[in-house]
2 protein chains.
Amino acid sequence: MSKQSRIYGAVEAGGTKFVCAIGDEGGKVLKEERFPTQDPASTLARMRSFLRGGSEEFGALAGVGVGSFGPVQLDRRHAQYGCITRTPKPGWSGTDIVGGLAREFSCAVGFDTDVNAAALAEHRWGSARDVQNLVYLTVGTGIGGGALVDGKPIHGVMHPEIGHLYPRRHPRDTAFPGICPFHRDCMEGVASGPAIQARSGATLADLDAAHVQWELEADYLGQLCAQLVLTLSPQRIVMGGGVMKQAQLLGPIRQRMRHWLAGYIDRNEVLSPDSGYVVTPGLGDRAGVLGALALAIDAAAVA
Amino acid sequence: MSKQSRIYGAVEAGGTKFVCAIGDEGGKVLKEERFPTQDPASTLARMRSFLRGGSEEFGALAGVGVGSFGPVQLDRRHAQYGCITRTPKPGWSGTDIVGGLAREFSCAVGFDTDVNAAALAEHRWGSARDVQNLVYLTVGTGIGGGALVDGKPIHGVMHPEIGHLYPRRHPRDTAFPGICPFHRDCMEGVASGPAIQARSGATLADLDAAHVQWELEADYLGQLCAQLVLTLSPQRIVMGGGVMKQAQLLGPIRQRMRHWLAGYIDRNEVLSPDSGYVVTPGLGDRAGVLGALALAIDAAAVA
């Protein structure tokens with residue numbers, strides 16, 4: 001075997017699109033393909049076909065990593081390991097995402113949630129390289145979060161489902177019922193991209209800076225950050241996703257987080273407005289697929 | 001050195017009382033003393049005196065563990081490591097709890113929050129021996145929580161401060177303002193022992209089962225459990241403290257947790273009323289001091 005570095009397959013399996021890549025140990029992507037998520041059979045066939053092509057072009061894969069939309073079964077002892085469990089997305093409940101990959105490519109396979117994977121990528125190559133405990137939040141079509149403790153993704157009984165925590169309703173937002181099919185006015189129900197659209201008839205980017213929607217969004221996401229400080233106690237919160245492309249949200253979110261903590265937490269590294277405690281992803285949109293690459297590398301390392 | 005098992009010192013440093021013990025590797029307590037928490041100097045002198053006496057009676061201590069009320073500084077690289085940082089408890093802000101112990105007893109010293117210590121004890125000897133990720137909650141004078149991930153206490157930027165999360169207010173509890181000096185109506189402000197007393201003029205035990213206070217308490221603590229499922233994703237929640245002596249609360253708390261999760265989480269091990277997901281401590285009131293013993297054992301093991 002030559003001295004060339006090992007090659008990995010990476011798949012960000014999203015609810016709206018799949019991003020597949022071939023990459024190396026250093027996080028360098030050699031080839032990439034994105035395509036819309038359709039029915040499970042054709043989507044997974046296309047994923048496999050990409051990985052086969054990559055392996056023919058660059059050599060045998062040392063590992064494959066998949067970061068998937070959820071909820072997923074992460075317990076290796078469970079018969080449903082590697083599957084999406086129950087999702088409102090038509091046709092996808094019970095879909096086995098990683099089944100057969102290990103056999104087909106004769107390599108280790110890593111599997112986790114898309115947001116745990118993104119947290120891993122931000123820890124390895126992005127905005128959270130200097131800390132071991134962090135949360136990665138995505139605020140877009142939905143709201144979700146992944147968390148690392150001591151540098152490793154949390155699983156537990158399932159995996160964090162941070163986006164379905166309840167905020168206290170803002171006094172200027174009492175009429176809007178919320179859009180979450182499970183909880184109506186949980187965080188996802190009042191602060192996701194579709195919630196903004198349902199309330200205001202527009203995206204945040206299209207609304208004037210003085211529009212109340214900006215105030216609501218910062219308040220709800222600030223509450224969410226405060227809830228994370230009080231539970232997971234992260235050393236950093238990295239906020240990505242479509243809504244967070246409005247980077248001017250960061251300042252008001254930090255301010256509202258501080259408001260909701262109400263003086264109880266006295267750590268300057270959390271509270272200082274310029275502490276960099278709440279940040280946008282260093283890897284931008286690439287956190288998901290690079291996270292899948294990190295999962296592949298880690299799976300191969302312990303195999 | 002003889003073959004006799006190693007001996008450890010353990011201190012549960014509580015806001016109202018200290019419990020000091022000498023114990024062995026198996027969690028057996030050989031000697032114990034409890035005394036009220038007074039000013040720092042005399043309280044810590046009494047703690048040291050107990051440990052000295054224990055060491056004279058049973059032999060050199062292989063380790064000392066302290067589980068302390070908080071907030072505390074757990075970062076070993078920090079100048080304030082081992083101190084209570086800022087507390088409303090008069091005279092105790094900045095108190096160095098573990099300083100000098102290592103030198104005086106020439107042994108390893110373990111230090112953590114009282115609730116992280118209790119979580120460790122329940123994991124090693126109590127109600128959570130079969131899981132690696134768990135939360136220990138105490139509901140009494142205050143509400144606090146500790147959490148283990150992969151069998152180890154979470155620290156992060158500080159440590160979890162679970163009791164200060166906000167619940168949604170119960171429709172039958174709109175008049176009570178809450179008693180938390182920081183947040184008014186956070187969990188501790190509406191559901192701790194003193195909150196029950198302030199609202200109802202009695203303890204839960206003194207109130208008829210039909211009194212609304214029972215319904216409020218179960219609802220708030222059920223919300224708290226739901227918030228923990230969505231963030232820390234524990235495999236078990238162990239609920240101790242004075243209020244939880246009313247063990248008939250467990251059923252309604254599980255029911256309200258299920259209500260607040262609203263069908264989003266579909267794991268039977270969480271939702272089934274008899275799953276044993278939310279339980280009382282296997283060690284009862286002993287979780288705190290035995291947790292301190294576990295801290296001592298672990299500190300000596302890595303020293």
# chains A, B, ... in the order shown; residues from 1 in each chain; ligands from 1

$ interface_residues --of "chain B" --to "chain A" --cutoff "7 Å" --atoms "only C-alpha atoms" --output "ChimeraX atom specification"
/B:133,155-162,165,168,182-183,227,230-235,262-264

$ residues_around --residues "Leu101 (chain B)" --least-positions-apart "2" --cutoff "12 Å" --atoms "only C-alpha atoms" --output "number ranges by chain"
B: 9-11, 44-45, 47-49, 51-52, 61, 63-66, 82, 96-99, 103-111, 296

$ select_by_dssp --residues "region 78-188 of chain B" --states "strand (DSSP E or B)" --output "PyMOL selection string"
chain B and resi 83-84+96+108-113+134-139+143-149+152-153+180+184

$ closest_atom_pairs --of "region 42-94 of chain A" --to "region 113-129 of chain A" --cutoff "8 Å" --atoms "only C-alpha atoms" --output "JSON lines"
{"residue": "A:Val66", "atom": "CA", "partner": "A:Asp114", "partner_atom": "CA", "distance": 7.9}
{"residue": "A:Gly67", "atom": "CA", "partner": "A:Asp114", "partner_atom": "CA", "distance": 4.1}
{"residue": "A:Ser68", "atom": "CA", "partner": "A:Asp114", "partner_atom": "CA", "distance": 4.6}
{"residue": "A:Phe69", "atom": "CA", "partner": "A:Asp114", "partner_atom": "CA", "distance": 5.6}
{"residue": "A:Gly70", "atom": "CA", "partner": "A:Thr113", "partner_atom": "CA", "distance": 6.5}
{"residue": "A:Pro71", "atom": "CA", "partner": "A:Thr113", "partner_atom": "CA", "distance": 7.8}
{"residue": "A:Val72", "atom": "CA", "partner": "A:Thr113", "partner_atom": "CA", "distance": 7.0}

$ atom_distance --atom1 "CA of Phe176 (chain B)" --atom2 "CA of Ala198 (chain B)"
8.8 Å
